[in-house]
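To keep things clear, I will list the structure first and then write my remarks on it.
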Amino acid sequence: MLDTQPDPKSDDGYTTADGRKIGGVAMEMKNITLRFGGVVAIKDISFDIRWGEVRAIIGPNGAGKSSMLNVISGFYNPQEGEIIYKGYRRPRMRPYQVARTGIARTFQNIALFEGMSVLDNIMTGRLHHMKANLFQQALWWGKASREEQENREKVEKIIDFLEIQHIRKTPVARLPYGLKKRVELARALAAEPSILLLDEPMAGMNVEEKEDMSRFILDVNDEFGTTTVLIEHDMGVVMDLSDRVVVMDYGKKIGDGTPDEVRNNEEVIKAYLGVAHD
Amino acid sequence: MPDTLLFAMEATLNGLTAGVMYALVALGFVLIFKASGIFNFAQGVMALFAALTLVGFQSGQIPFSHLINAIFGTRLHHFGWNMPTLLAIPATVAVMILLAILVERFILKHLINQEPIILFMATIGLAYFLEGVGDIMWGAEVKALDVGLPKGMSDTVDELTFNWFGYGFFIDRLEIWAAGIAAILVASLTIFSQYTKQGRALRAVADDHQAALSVGISLRFIWVLTWSIAGIVALVAGIMWGSKSGVQFSLSLIALKALPVLILGGFTSIPGAIVGGLIIGVGEKLFDFFMQPIVGGATENWFAYMLALVFLLFRPQGLFGEKIIERV
C-alpha cells in the first residue's frame with residue numbers, strides 16, 4: 001500500500017528480531033500537553049512512531065492512552081506541543097482532515113454505521129479516494145464506473161484478508177461484537193492508511209477472538225507494511241504484538257522501549273503491573 | 001356500474017394526487033431527519049419562503065421594499081422587469097442553498113452534540129424567523145404563482161373515463177404533473193443517496209458522527225448539503241402548492257399535514273413518505289365521501305390526525321420506519 005513501506009533510504013531504521021525492516025520516523029509527538037479545563041490528561045509527552053512498526057501505548061485506566069490516540073487522530077487538539085508528520089509540522093486540524101492525511105482509526109466502543117451492510121461500511125473507508133464528480137457518479141459515466149470498480153476490488157481484497165466474506169451483505173447491527181470489531185478494522189484498512197490507530201482492538205473479546213484479532217493485526221502489518229499504533233489493556237497481547245511500547249501513567253510517560261525493556265523497567269512494574277503479591 | 005362506485009373511484013384518484021402533494025412536503029422532513037436526526041419544524045415555512053422568493057424574482061419585486069420605504073420615505077416596489085421562470089428557479093435554488101449555509105453557520109454549528117429536542121426547538125425558532133423574514137422581504141399579500149404548469153381539468157382523463165364508464169372523472173392536470181415531478185424527485189434522490197460518494201457520506205453521517213469523521217467526512221459540509229437538498233425539495237413543494245392555491249402564509253400550515261404522513265410512513269423512509277402521503281390522501285377523500293352523509297363533511301381536517309393516532313397505538317415506527325428495539 002502506498003506510503004506505508006519503510007523508507008529504504010532512511011538509515012535510522014532498525015531490523016526486528018524476526019527480521020522485519022523498520023523505517024525512519026513517520027510521526028513524532030513533541031512535548032504534547034492536553035488539558036480539559038483544570039484536568040491535565042496528557043503531560044509533556046514525547047515519542048515517535050516509525051514506518052512499518054507496531055507501536056503500543058499501554059497504561060492503567062485513566063492514564064491518558066485514549067486521549068493520546070485522540071490527539072493523533074485530531075479528535076482532540078493539544079494545548080501545547082507539536083506533531084511532526086511525514087517530516088512536516090502538522091497544523092491544527094479537524095478530525096476529518098486528519099483522516100484525509102492517511103490516518104485511519106478504530107474506536108474503543110465501536111463506531112460503525114449500524115444501518116449499512118458490512119460492504120457499505122467498508123466502502124465508506126474509501127470515500128476520499130473517489131474523485132469522480134457528482135454527475136459522473138449519478139450517471140455511472142466517465143471516471144465513475146472505473147473508479148467504483150477499482151475501489152470495490154480493493155475492498156474485496158480486504159474482505160478476503162480478514163475472512164469476512166460470509167457476512168458481506170449483512171447489516172452491521174446484526175453482527176456479534178467480535179465480528180463488528182473486525183469490520184471496523186476492515187473499514188480503517190480500506191482507507192489504505194499511512195498510520196493505523198487501534199483503540200483497544202481486543203477489549204471485551206474472548207480468548208479465541210483475541211487470538212484471531214492478534215493474528216490479523218500481525219498479518220496486516222506483514223502483508224501491507226501498515227504502521228500500527230495500538231492501545232491495549234491485555235499485557236500479554238501487547239508484549240507479543242508490538243515492536244516498541246510507550247507506557248503511560250497519570251498522563252505522564254514512564255517508559256518507552258521494546259517489550260523486554262519495558263517489562264524490566266522498575267517504574268513500569270510499580271505503576272502498571274503493581275508490586276508483586278507473593 | 002353503480003354511481004357510488006364511480007364516485008368512490010374518482011375520490012380515490014383525487015386522493016392519490018392530493019397524497020402526492022402531502023408526500024412532497026413530507027419528503028423534506030425525512031431528508032433532514034435521516035441525515036441529522038432533527039425534526040425540522042421549519043420545513044413548511046421553507047416551502048413558503050421558496051415560493052415567495054420565486055414569485056418575487058419572477059415579478060421583479062424589490063426585496064425588503066416595505067422596510068426601505070418605511071425608513072427612507074421612498075416608494076419603491078418593483079424593478080420594472082420580469083425574470084423568466086427558467087432563470088428565476090435557479091436563482092431561488094441559489095437562495096435556498098445560501099439559506100442552508102446560514103442555518104449551518106448560525107444554528108447547527110453551535111448546537112453540535114446537543115439533544116435532538118434542543119435542535120427541534122431551534123428549528124421552531126427558525127420557522128418563525130423565516131416566516132417573519134419572508135414577510136418583510138416579499139410582503140404578506142396572497143400572490144399567484146405560475147411557472148407554466150398546466151392547470152384545470154384534464155380533458156384526456158375526462159374523455160377516457162367517459163368512454164369507459166359513461167362518467168367523466170375530474171382530475172386536476174396540475175396534480176398529474178405533481179405526481180410525475182415527485183416521481184422524478186424521488187428517483188434522483190434515491191440515485192444520489194445510493195450511488196454517489198456524497199450520498200454515501202450523507203448516510204454515514206446520519207448513522208454515526210464519530211465514525212463519519214474517522215473516515216474523513218466533514219460533518220459541516222454534509223449538513224449544508226442536506227439542508228440545501230431539503231431547501232430544493234421545499235421549493236418543489238412550494239411551486240406545486242403555490243400553483244394550486246396561491247402563495248400565501250397559510251402554506252406553512254401544510255407542514256402540519258406532513259406530520260401524520262410521517263407517522264404513517266416512518267420518519268426515516270423516503271418511500272415511506274410517498275406511501276404515507278398516498279394513504280392519507282386516499283384515506284381522507286374516501287372517508288369524506290362515505291361519511292359525509294352521516295357527519296356532514298369537513299372530515300378532511302381531522303381524518304389524517306386520527307389515522308396517525310391509531311398508527312401510534314399499534315405501529316409507532318410507521319410502515320417503513322426502522323424497528324424500535326430496546327435492548328437492555
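Each chain of the C-alpha cells is named A, B, ... in the order shown, its residues numbered from 1; ligands are numbered from 1 in display order.
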
>> What parts of region 130-259 of chain A does DSSP call strand (DSSP E)? I'd like the answer as a list in words.
In response: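 After running DSSP on the backbone, region 130-259 of chain A has strand (DSSP E) at Ile195, Leu196, Leu197, Leu198, Asp199, Thr227, Thr228, Val229, Leu230, Ile231, Arg244, Val245, Val246, Val247, Met248, Asp249, Lys252, Lys253, Ile254, Gly255, Asp256 and Gly257 of chain A.
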
Could you save the residues just selected, with N, CA and C atoms, as a PDB file, in the first residue's frame?
```
ATOM      1  N   ILE A 195      -0.923   5.478   8.706  1.00  0.00           N
ATOM      2  CA  ILE A 195      -0.863   5.050  10.098  1.00  0.00           C
ATOM      3  C   ILE A 195      -2.240   4.552  10.514  1.00  0.00           C
ATOM      4  N   LEU A 196      -2.252   3.379  11.113  1.00  0.00           N
ATOM      5  CA  LEU A 196      -3.497   2.775  11.553  1.00  0.00           C
ATOM      6  C   LEU A 196      -3.564   2.834  13.073  1.00  0.00           C
ATOM      7  N   LEU A 197      -4.615   3.462  13.611  1.00  0.00           N
ATOM      8  CA  LEU A 197      -4.750   3.585  15.061  1.00  0.00           C
ATOM      9  C   LEU A 197      -5.828   2.629  15.559  1.00  0.00           C
ATOM     10  N   LEU A 198      -5.469   1.783  16.515  1.00  0.00           N
ATOM     11  CA  LEU A 198      -6.439   0.832  17.042  1.00  0.00           C
ATOM     12  C   LEU A 198      -6.631   1.079  18.531  1.00  0.00           C
ATOM     13  N   ASP A 199      -7.860   1.475  18.892  1.00  0.00           N
ATOM     14  CA  ASP A 199      -8.142   1.761  20.291  1.00  0.00           C
ATOM     15  C   ASP A 199      -8.744   0.514  20.942  1.00  0.00           C
ATOM     16  N   THR A 227       1.903   0.788   9.261  1.00  0.00           N
ATOM     17  CA  THR A 227       2.339   1.286  10.559  1.00  0.00           C
ATOM     18  C   THR A 227       1.132   1.288  11.491  1.00  0.00           C
ATOM     19  N   THR A 228       1.267   0.641  12.636  1.00  0.00           N
ATOM     20  CA  THR A 228       0.111   0.464  13.505  1.00  0.00           C
ATOM     21  C   THR A 228       0.395   0.994  14.906  1.00  0.00           C
ATOM     22  N   VAL A 229      -0.515   1.789  15.426  1.00  0.00           N
ATOM     23  CA  VAL A 229      -0.421   2.225  16.813  1.00  0.00           C
ATOM     24  C   VAL A 229      -1.603   1.624  17.540  1.00  0.00           C
ATOM     25  N   LEU A 230      -1.340   0.881  18.612  1.00  0.00           N
ATOM     26  CA  LEU A 230      -2.479   0.290  19.293  1.00  0.00           C
ATOM     27  C   LEU A 230      -2.452   0.489  20.789  1.00  0.00           C
ATOM     28  N   ILE A 231      -3.645   0.602  21.327  1.00  0.00           N
ATOM     29  CA  ILE A 231      -3.806   0.726  22.761  1.00  0.00           C
ATOM     30  C   ILE A 231      -4.384  -0.584  23.234  1.00  0.00           C
ATOM     31  N   ARG A 244       7.639  -1.782  19.743  1.00  0.00           N
ATOM     32  CA  ARG A 244       8.039  -0.876  20.809  1.00  0.00           C
ATOM     33  C   ARG A 244       6.803  -0.431  21.588  1.00  0.00           C
ATOM     34  N   VAL A 245       7.000  -0.110  22.840  1.00  0.00           N
ATOM     35  CA  VAL A 245       5.876   0.191  23.719  1.00  0.00           C
ATOM     36  C   VAL A 245       6.103   1.522  24.439  1.00  0.00           C
ATOM     37  N   VAL A 246       5.062   2.363  24.473  1.00  0.00           N
ATOM     38  CA  VAL A 246       5.081   3.554  25.326  1.00  0.00           C
ATOM     39  C   VAL A 246       4.218   3.240  26.539  1.00  0.00           C
ATOM     40  N   VAL A 247       4.717   3.502  27.728  1.00  0.00           N
ATOM     41  CA  VAL A 247       3.912   3.259  28.929  1.00  0.00           C
ATOM     42  C   VAL A 247       3.507   4.591  29.540  1.00  0.00           C
ATOM     43  N   MET A 248       2.220   4.748  29.792  1.00  0.00           N
ATOM     44  CA  MET A 248       1.717   5.989  30.377  1.00  0.00           C
ATOM     45  C   MET A 248       1.114   5.708  31.750  1.00  0.00           C
ATOM     46  N   ASP A 249       1.222   6.711  32.620  1.00  0.00           N
ATOM     47  CA  ASP A 249       0.555   6.621  33.915  1.00  0.00           C
ATOM     48  C   ASP A 249       0.215   8.042  34.367  1.00  0.00           C
ATOM     49  N   LYS A 252       1.462  10.857  32.302  1.00  0.00           N
ATOM     50  CA  LYS A 252       2.884  11.038  32.042  1.00  0.00           C
ATOM     51  C   LYS A 252       3.459   9.788  31.389  1.00  0.00           C
ATOM     52  N   LYS A 253       4.564   9.982  30.639  1.00  0.00           N
ATOM     53  CA  LYS A 253       5.231   8.825  30.054  1.00  0.00           C
ATOM     54  C   LYS A 253       6.206   8.282  31.085  1.00  0.00           C
ATOM     55  N   ILE A 254       6.087   6.996  31.415  1.00  0.00           N
ATOM     56  CA  ILE A 254       7.012   6.445  32.411  1.00  0.00           C
ATOM     57  C   ILE A 254       7.929   5.393  31.805  1.00  0.00           C
ATOM     58  N   GLY A 255       7.694   5.041  30.560  1.00  0.00           N
ATOM     59  CA  GLY A 255       8.583   4.066  29.943  1.00  0.00           C
ATOM     60  C   GLY A 255       8.421   4.069  28.441  1.00  0.00           C
ATOM     61  N   ASP A 256       9.467   3.684  27.716  1.00  0.00           N
ATOM     62  CA  ASP A 256       9.411   3.665  26.261  1.00  0.00           C
ATOM     63  C   ASP A 256      10.516   2.745  25.779  1.00  0.00           C
ATOM     64  N   GLY A 257      10.171   1.741  25.006  1.00  0.00           N
ATOM     65  CA  GLY A 257      11.210   0.846  24.507  1.00  0.00           C
ATOM     66  C   GLY A 257      10.629  -0.459  24.013  1.00  0.00           C
TER      67      GLY A 257
END
```

What are the nearest atom pairs, with distances in Å to one decimal, for all residues of chain A that come at most 9 Å from chain B, using only C-alpha atoms, set out by chain and rising residue number as a Markdown table?
```
| residue | atom | partner | partner_atom | distance |
| --- | --- | --- | --- | --- |
| A:Ser73 | CA | B:Ser214 | CA | 7.9 |
| A:Phe75 | CA | B:Leu213 | CA | 8.8 |
| A:Arg94 | CA | B:Ser218 | CA | 8.6 |
| A:Pro95 | CA | B:Leu213 | CA | 5.8 |
| A:Tyr96 | CA | B:Gly216 | CA | 3.9 |
| A:Gln97 | CA | B:Gly216 | CA | 6.2 |
| A:Val98 | CA | B:Gly216 | CA | 7.3 |
| A:Ala99 | CA | B:Gly216 | CA | 4.7 |
| A:Arg100 | CA | B:Gly216 | CA | 5.4 |
| A:Thr101 | CA | B:Gly216 | CA | 8.9 |
| A:Ile103 | CA | B:Ser214 | CA | 8.5 |
| A:Ala104 | CA | B:Ser214 | CA | 6.5 |
| A:Arg105 | CA | B:Ser214 | CA | 6.4 |
| A:Thr106 | CA | B:Ser214 | CA | 8.0 |
| A:Phe107 | CA | B:Ala211 | CA | 8.3 |
| A:Ile110 | CA | B:Ala211 | CA | 8.5 |
| A:Ala111 | CA | B:Ala211 | CA | 5.0 |
| A:Leu112 | CA | B:Ala211 | CA | 6.0 |
| A:Phe113 | CA | B:Asp207 | CA | 5.3 |
| A:Glu114 | CA | B:Asp207 | CA | 6.7 |
| A:Gly115 | CA | B:Asp207 | CA | 6.8 |
| A:Met116 | CA | B:Ala204 | CA | 8.4 |
| A:Asp120 | CA | B:Arg200 | CA | 8.3 |
| A:Asn121 | CA | B:Ala204 | CA | 8.3 |
| A:Met123 | CA | B:Arg200 | CA | 8.9 |
| A:Thr124 | CA | B:Val215 | CA | 6.8 |
| A:Gly125 | CA | B:Val215 | CA | 5.5 |
| A:Arg126 | CA | B:Val215 | CA | 7.9 |
| A:Leu127 | CA | B:Lys197 | CA | 6.3 |
| A:His128 | CA | B:Gly216 | CA | 6.8 |
| A:Met130 | CA | B:Lys197 | CA | 7.2 |
| A:Lys131 | CA | B:Lys197 | CA | 9.0 |
| A:Ala132 | CA | B:Lys197 | CA | 8.7 |
| A:Asn133 | CA | B:Lys197 | CA | 8.7 |
| A:Leu134 | CA | B:Thr196 | CA | 6.5 |
| A:Phe135 | CA | B:Thr196 | CA | 8.6 |
| A:Gln136 | CA | B:Thr196 | CA | 8.8 |
| A:Gln137 | CA | B:Thr196 | CA | 5.3 |
| A:Ala138 | CA | B:Thr196 | CA | 5.9 |
| A:Leu139 | CA | B:Ile191 | CA | 8.7 |
| A:Trp140 | CA | B:Tyr195 | CA | 8.4 |
| A:Arg187 | CA | B:Val215 | CA | 8.2 |
| A:Ala188 | CA | B:Val215 | CA | 7.5 |
| A:Ala191 | CA | B:Val215 | CA | 7.5 |
```

Resulting file, chosen residues, C-alpha atoms, as a short mmCIF file (atom, residue, chain, number, x, y, z; two decimals), in the first residue's frame:
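Produced file result_11.cif, reproduced below:
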```
data_model
loop_
_atom_site.label_atom_id
_atom_site.label_comp_id
_atom_site.auth_asym_id
_atom_site.auth_seq_id
_atom_site.Cartn_x
_atom_site.Cartn_y
_atom_site.Cartn_z
CA SER A 73 -6.38 11.36 15.05
CA PHE A 75 -10.34 14.45 17.77
CA ARG A 94 -10.28 18.79 12.31
CA PRO A 95 -10.71 15.01 12.63
CA TYR A 96 -11.97 14.58 9.06
CA GLN A 97 -8.96 16.49 7.73
CA VAL A 98 -6.59 14.29 9.71
CA ALA A 99 -8.36 11.24 8.31
CA ARG A 100 -7.69 12.52 4.80
CA THR A 101 -3.96 12.76 5.51
CA ILE A 103 -4.61 8.31 9.44
CA ALA A 104 -7.35 5.76 9.99
CA ARG A 105 -8.66 4.59 13.32
CA THR A 106 -10.99 2.30 15.18
CA PHE A 107 -12.83 3.13 18.39
CA ILE A 110 -17.04 0.51 18.04
CA ALA A 111 -18.27 3.30 15.78
CA LEU A 112 -19.75 1.59 12.75
CA PHE A 113 -22.64 2.61 10.50
CA GLU A 114 -25.12 0.20 12.06
CA GLY A 115 -27.78 0.62 9.41
CA MET A 116 -25.49 -0.20 6.50
CA ASP A 120 -21.14 -0.43 2.50
CA ASN A 121 -19.39 0.21 5.80
CA MET A 123 -16.71 1.20 1.19
CA THR A 124 -17.07 4.38 3.27
CA GLY A 125 -13.41 3.87 4.14
CA ARG A 126 -12.64 4.63 0.51
CA LEU A 127 -14.73 7.81 0.25
CA HIS A 128 -11.82 10.16 -0.03
CA MET A 130 -13.10 8.75 -5.02
CA LYS A 131 -12.53 11.67 -7.35
CA ALA A 132 -15.34 11.50 -9.91
CA ASN A 133 -17.84 14.33 -9.67
CA LEU A 134 -21.47 14.08 -8.64
CA PHE A 135 -22.94 13.84 -12.13
CA GLN A 136 -20.46 11.27 -13.34
CA GLN A 137 -21.28 9.21 -10.29
CA ALA A 138 -25.03 9.61 -10.60
CA LEU A 139 -24.97 8.71 -14.29
CA TRP A 140 -22.33 6.00 -13.85
CA ARG A 187 -13.09 -0.08 7.19
CA ALA A 188 -9.94 1.52 8.58
CA ALA A 191 -8.62 3.80 3.55
#
```

Find the spatial neighbours of Ile101 (chain B), counting only C-alpha atoms, within a cut-off of 12 Å - ignore same-chain residues fewer than 6 positions away - and output them as a short mmCIF file (atom, residue, chain, number, x, y, z; two decimals) with N, CA and C atoms, in the first residue's frame.
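Generated file (result_8.cif):
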```cif
data_model
loop_
_atom_site.label_atom_id
_atom_site.label_comp_id
_atom_site.auth_asym_id
_atom_site.auth_seq_id
_atom_site.Cartn_x
_atom_site.Cartn_y
_atom_site.Cartn_z
N ALA B 94 -30.45 28.99 -5.63
CA ALA B 94 -29.27 29.61 -5.04
C ALA B 94 -29.60 30.21 -3.68
N VAL B 95 -30.76 30.85 -3.57
CA VAL B 95 -31.17 31.44 -2.29
C VAL B 95 -31.35 30.34 -1.24
N ILE B 107 -26.77 28.29 13.31
CA ILE B 107 -27.55 27.47 14.24
C ILE B 107 -26.87 26.13 14.52
N LEU B 108 -26.75 25.30 13.49
CA LEU B 108 -26.32 23.91 13.70
C LEU B 108 -24.92 23.83 14.30
N LYS B 109 -24.02 24.67 13.77
CA LYS B 109 -22.63 24.63 14.22
C LYS B 109 -22.52 24.81 15.73
N ARG B 220 -19.90 19.36 8.68
CA ARG B 220 -20.49 20.65 8.31
C ARG B 220 -20.87 20.69 6.84
N PHE B 221 -20.01 20.12 5.99
CA PHE B 221 -20.32 20.09 4.56
C PHE B 221 -21.59 19.27 4.32
N ILE B 222 -21.66 18.13 5.00
CA ILE B 222 -22.82 17.26 4.79
C ILE B 222 -24.10 17.93 5.27
N TRP B 223 -24.02 18.68 6.39
CA TRP B 223 -25.21 19.38 6.87
C TRP B 223 -25.66 20.43 5.89
N VAL B 224 -24.72 21.20 5.33
CA VAL B 224 -25.09 22.20 4.32
C VAL B 224 -25.74 21.50 3.14
N LEU B 225 -25.15 20.37 2.75
CA LEU B 225 -25.68 19.62 1.61
C LEU B 225 -27.11 19.16 1.89
N THR B 226 -27.31 18.58 3.09
CA THR B 226 -28.65 18.09 3.43
C THR B 226 -29.68 19.21 3.42
N TRP B 227 -29.33 20.32 4.07
CA TRP B 227 -30.28 21.42 4.14
C TRP B 227 -30.50 22.05 2.77
N SER B 228 -29.49 22.02 1.91
CA SER B 228 -29.69 22.52 0.55
C SER B 228 -30.69 21.65 -0.19
N ILE B 229 -30.51 20.33 -0.07
CA ILE B 229 -31.43 19.43 -0.76
C ILE B 229 -32.85 19.61 -0.20
N GLY B 231 -33.97 22.25 1.03
CA GLY B 231 -34.44 23.53 0.51
C GLY B 231 -34.97 23.39 -0.91
#
```

>> One decimal, in Å: what's the spacing between CA of Thr33 (chain A) and CA of Gln79 (chain A)?
In response: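 Atom-to-atom, CA of Thr33 (chain A) to CA of Gln79 (chain A), that is 5.9 Å.
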
> Taking the backbone alone, and naming residues the way the document does, which bits of region 16-81 of chain B are alpha helix (DSSP H) by DSSP, as a PyMOL selection string?
Replying inline: chain B and resi 16-36+43-58+65-72

>> Which residues are close to Gly134 (chain B), i.e. within 12 Å by only C-alpha atoms, leaving aside same-chain residues fewer than 6 positions away? Reply as a PyMOL selection string.
In response: chain B and resi 45-56+63-66+126-128+140-141+247-249+252

>> List as an MDAnalysis selection string the protein and nucleic acid residues near Trp51 (chain A), meaning an atom at most 6 Å away when only C-alpha atoms are counted, but skip any in the same chain fewer than 3 places from it.
In response: chainID A and resid 6 23:24 26 227

Those same residues - N, CA and C atoms - I'd like them written as a PDB file, in the first residue's frame.
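See result-v7.pdb below for the written result:
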```pdb
ATOM      1  N   PRO A   6       8.482   1.016   4.740  1.00  0.00           N
ATOM      2  CA  PRO A   6       9.618   1.686   5.368  1.00  0.00           C
ATOM      3  C   PRO A   6      10.441   2.400   4.295  1.00  0.00           C
ATOM      4  N   GLY A  23      11.367   1.313   9.265  1.00  0.00           N
ATOM      5  CA  GLY A  23      11.912   2.501   8.608  1.00  0.00           C
ATOM      6  C   GLY A  23      12.172   3.668   9.546  1.00  0.00           C
ATOM      7  N   GLY A  24      12.289   4.855   8.948  1.00  0.00           N
ATOM      8  CA  GLY A  24      12.536   6.072   9.708  1.00  0.00           C
ATOM      9  C   GLY A  24      11.285   6.547  10.431  1.00  0.00           C
ATOM     10  N   ALA A  26       7.913   8.173  11.152  1.00  0.00           N
ATOM     11  CA  ALA A  26       6.723   8.580  10.406  1.00  0.00           C
ATOM     12  C   ALA A  26       6.061   9.750  11.103  1.00  0.00           C
ATOM     13  N   THR A 227       1.903   0.788   9.261  1.00  0.00           N
ATOM     14  CA  THR A 227       2.339   1.286  10.559  1.00  0.00           C
ATOM     15  C   THR A 227       1.132   1.288  11.491  1.00  0.00           C
TER      16      THR A 227
END
```

> CA of Thr299 (chain B) and CA of Ala258 (chain B), how far apart in Å?
Replying inline: 16.8 Å

>> Env of Asp234 (chain A): 12 Å cut, atoms = only C-alpha atoms, seq-sep filter 5 positions within chain, self excluded. Answer as JSON, numbers by chain.
In response: {"A": [56, 57, 58, 59, 60, 61, 200, 201, 202, 203, 204, 205, 206, 207, 210, 211, 214, 239, 240, 241, 272, 273]}

For the selection just defined, write its residues with N, CA and C atoms to a file, as a PDB file, in the first residue's frame.
```pdb
ATOM      1  N   ALA A  56       2.836   0.191  20.561  1.00  0.00           N
ATOM      2  CA  ALA A  56       1.742   0.076  21.520  1.00  0.00           C
ATOM      3  C   ALA A  56       1.808   1.195  22.536  1.00  0.00           C
ATOM      4  N   ILE A  57       0.650   1.623  22.996  1.00  0.00           N
ATOM      5  CA  ILE A  57       0.571   2.549  24.119  1.00  0.00           C
ATOM      6  C   ILE A  57      -0.177   1.811  25.216  1.00  0.00           C
ATOM      7  N   ILE A  58       0.478   1.617  26.346  1.00  0.00           N
ATOM      8  CA  ILE A  58      -0.199   0.910  27.427  1.00  0.00           C
ATOM      9  C   ILE A  58      -0.202   1.779  28.688  1.00  0.00           C
ATOM     10  N   GLY A  59      -0.956   1.335  29.658  1.00  0.00           N
ATOM     11  CA  GLY A  59      -1.055   2.081  30.901  1.00  0.00           C
ATOM     12  C   GLY A  59      -2.339   1.719  31.625  1.00  0.00           C
ATOM     13  N   PRO A  60      -2.405   1.990  32.932  1.00  0.00           N
ATOM     14  CA  PRO A  60      -3.620   1.688  33.696  1.00  0.00           C
ATOM     15  C   PRO A  60      -4.790   2.542  33.220  1.00  0.00           C
ATOM     16  N   ASN A  61      -5.992   2.240  33.713  1.00  0.00           N
ATOM     17  CA  ASN A  61      -7.170   3.040  33.367  1.00  0.00           C
ATOM     18  C   ASN A  61      -6.947   4.503  33.700  1.00  0.00           C
ATOM     19  N   GLU A 200      -7.948  -0.166  21.727  1.00  0.00           N
ATOM     20  CA  GLU A 200      -8.346  -1.415  22.389  1.00  0.00           C
ATOM     21  C   GLU A 200      -9.051  -2.377  21.440  1.00  0.00           C
ATOM     22  N   PRO A 201      -8.326  -2.869  20.436  1.00  0.00           N
ATOM     23  CA  PRO A 201      -8.971  -3.745  19.444  1.00  0.00           C
ATOM     24  C   PRO A 201      -9.480  -5.055  20.041  1.00  0.00           C
ATOM     25  N   MET A 202      -8.992  -5.420  21.211  1.00  0.00           N
ATOM     26  CA  MET A 202      -9.404  -6.715  21.759  1.00  0.00           C
ATOM     27  C   MET A 202     -10.246  -6.609  23.007  1.00  0.00           C
ATOM     28  N   ALA A 203     -10.646  -5.390  23.349  1.00  0.00           N
ATOM     29  CA  ALA A 203     -11.450  -5.219  24.563  1.00  0.00           C
ATOM     30  C   ALA A 203     -12.736  -6.015  24.446  1.00  0.00           C
ATOM     31  N   GLY A 204     -13.086  -6.714  25.488  1.00  0.00           N
ATOM     32  CA  GLY A 204     -14.357  -7.426  25.539  1.00  0.00           C
ATOM     33  C   GLY A 204     -14.425  -8.686  24.697  1.00  0.00           C
ATOM     34  N   MET A 205     -13.284  -9.160  24.201  1.00  0.00           N
ATOM     35  CA  MET A 205     -13.308 -10.367  23.373  1.00  0.00           C
ATOM     36  C   MET A 205     -12.954 -11.584  24.202  1.00  0.00           C
ATOM     37  N   ASN A 206     -13.407 -12.766  23.734  1.00  0.00           N
ATOM     38  CA  ASN A 206     -12.980 -13.985  24.406  1.00  0.00           C
ATOM     39  C   ASN A 206     -11.607 -14.401  23.862  1.00  0.00           C
ATOM     40  N   VAL A 207     -11.031 -15.436  24.467  1.00  0.00           N
ATOM     41  CA  VAL A 207      -9.650 -15.804  24.133  1.00  0.00           C
ATOM     42  C   VAL A 207      -9.486 -16.088  22.639  1.00  0.00           C
ATOM     43  N   LYS A 210      -9.627 -12.973  20.613  1.00  0.00           N
ATOM     44  CA  LYS A 210      -8.391 -12.222  20.818  1.00  0.00           C
ATOM     45  C   LYS A 210      -7.264 -12.775  19.965  1.00  0.00           C
ATOM     46  N   GLU A 211      -7.167 -14.106  19.918  1.00  0.00           N
ATOM     47  CA  GLU A 211      -6.120 -14.734  19.104  1.00  0.00           C
ATOM     48  C   GLU A 211      -6.295 -14.376  17.635  1.00  0.00           C
ATOM     49  N   SER A 214      -5.302 -10.721  17.091  1.00  0.00           N
ATOM     50  CA  SER A 214      -3.839 -10.563  17.126  1.00  0.00           C
ATOM     51  C   SER A 214      -3.236 -11.006  15.805  1.00  0.00           C
ATOM     52  N   MET A 239       2.701  -7.377  24.566  1.00  0.00           N
ATOM     53  CA  MET A 239       4.101  -7.787  24.508  1.00  0.00           C
ATOM     54  C   MET A 239       4.363  -8.663  23.292  1.00  0.00           C
ATOM     55  N   ASP A 240       3.385  -9.515  22.933  1.00  0.00           N
ATOM     56  CA  ASP A 240       3.562 -10.382  21.768  1.00  0.00           C
ATOM     57  C   ASP A 240       3.507  -9.614  20.463  1.00  0.00           C
ATOM     58  N   LEU A 241       2.629  -8.607  20.419  1.00  0.00           N
ATOM     59  CA  LEU A 241       2.332  -7.952  19.147  1.00  0.00           C
ATOM     60  C   LEU A 241       3.317  -6.861  18.770  1.00  0.00           C
ATOM     61  N   TYR A 272       2.222  -0.080  36.598  1.00  0.00           N
ATOM     62  CA  TYR A 272       1.259  -0.794  35.771  1.00  0.00           C
ATOM     63  C   TYR A 272       1.003  -2.210  36.250  1.00  0.00           C
ATOM     64  N   LEU A 273       2.075  -2.908  36.498  1.00  0.00           N
ATOM     65  CA  LEU A 273       1.908  -4.307  36.872  1.00  0.00           C
ATOM     66  C   LEU A 273       1.629  -4.446  38.362  1.00  0.00           C
TER      67      LEU A 273
END
```

> So which residues touch Lys169 (chain A) within 9 Å, counting only C-alpha atoms, skipping near sequence neighbours fewer than 2 positions away, as an MDAnalysis selection string?
Replying inline: chainID A and resid 116:120 165:167 171:172

> How many Å lie between CA of Phe39 (chain B) and CA of Gly139 (chain B), rounded to one decimal?
Replying inline: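 Between these atoms lies a distance of 27.9 Å.
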
> Which one is closest to Leu76 (chain B): B:Ile62, B:Ile124, B:Ala42, B:Val186? Count only C-alpha atoms.
Replying inline: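 The answer is B:Ile62, which sits nearest to Leu76 (chain B).
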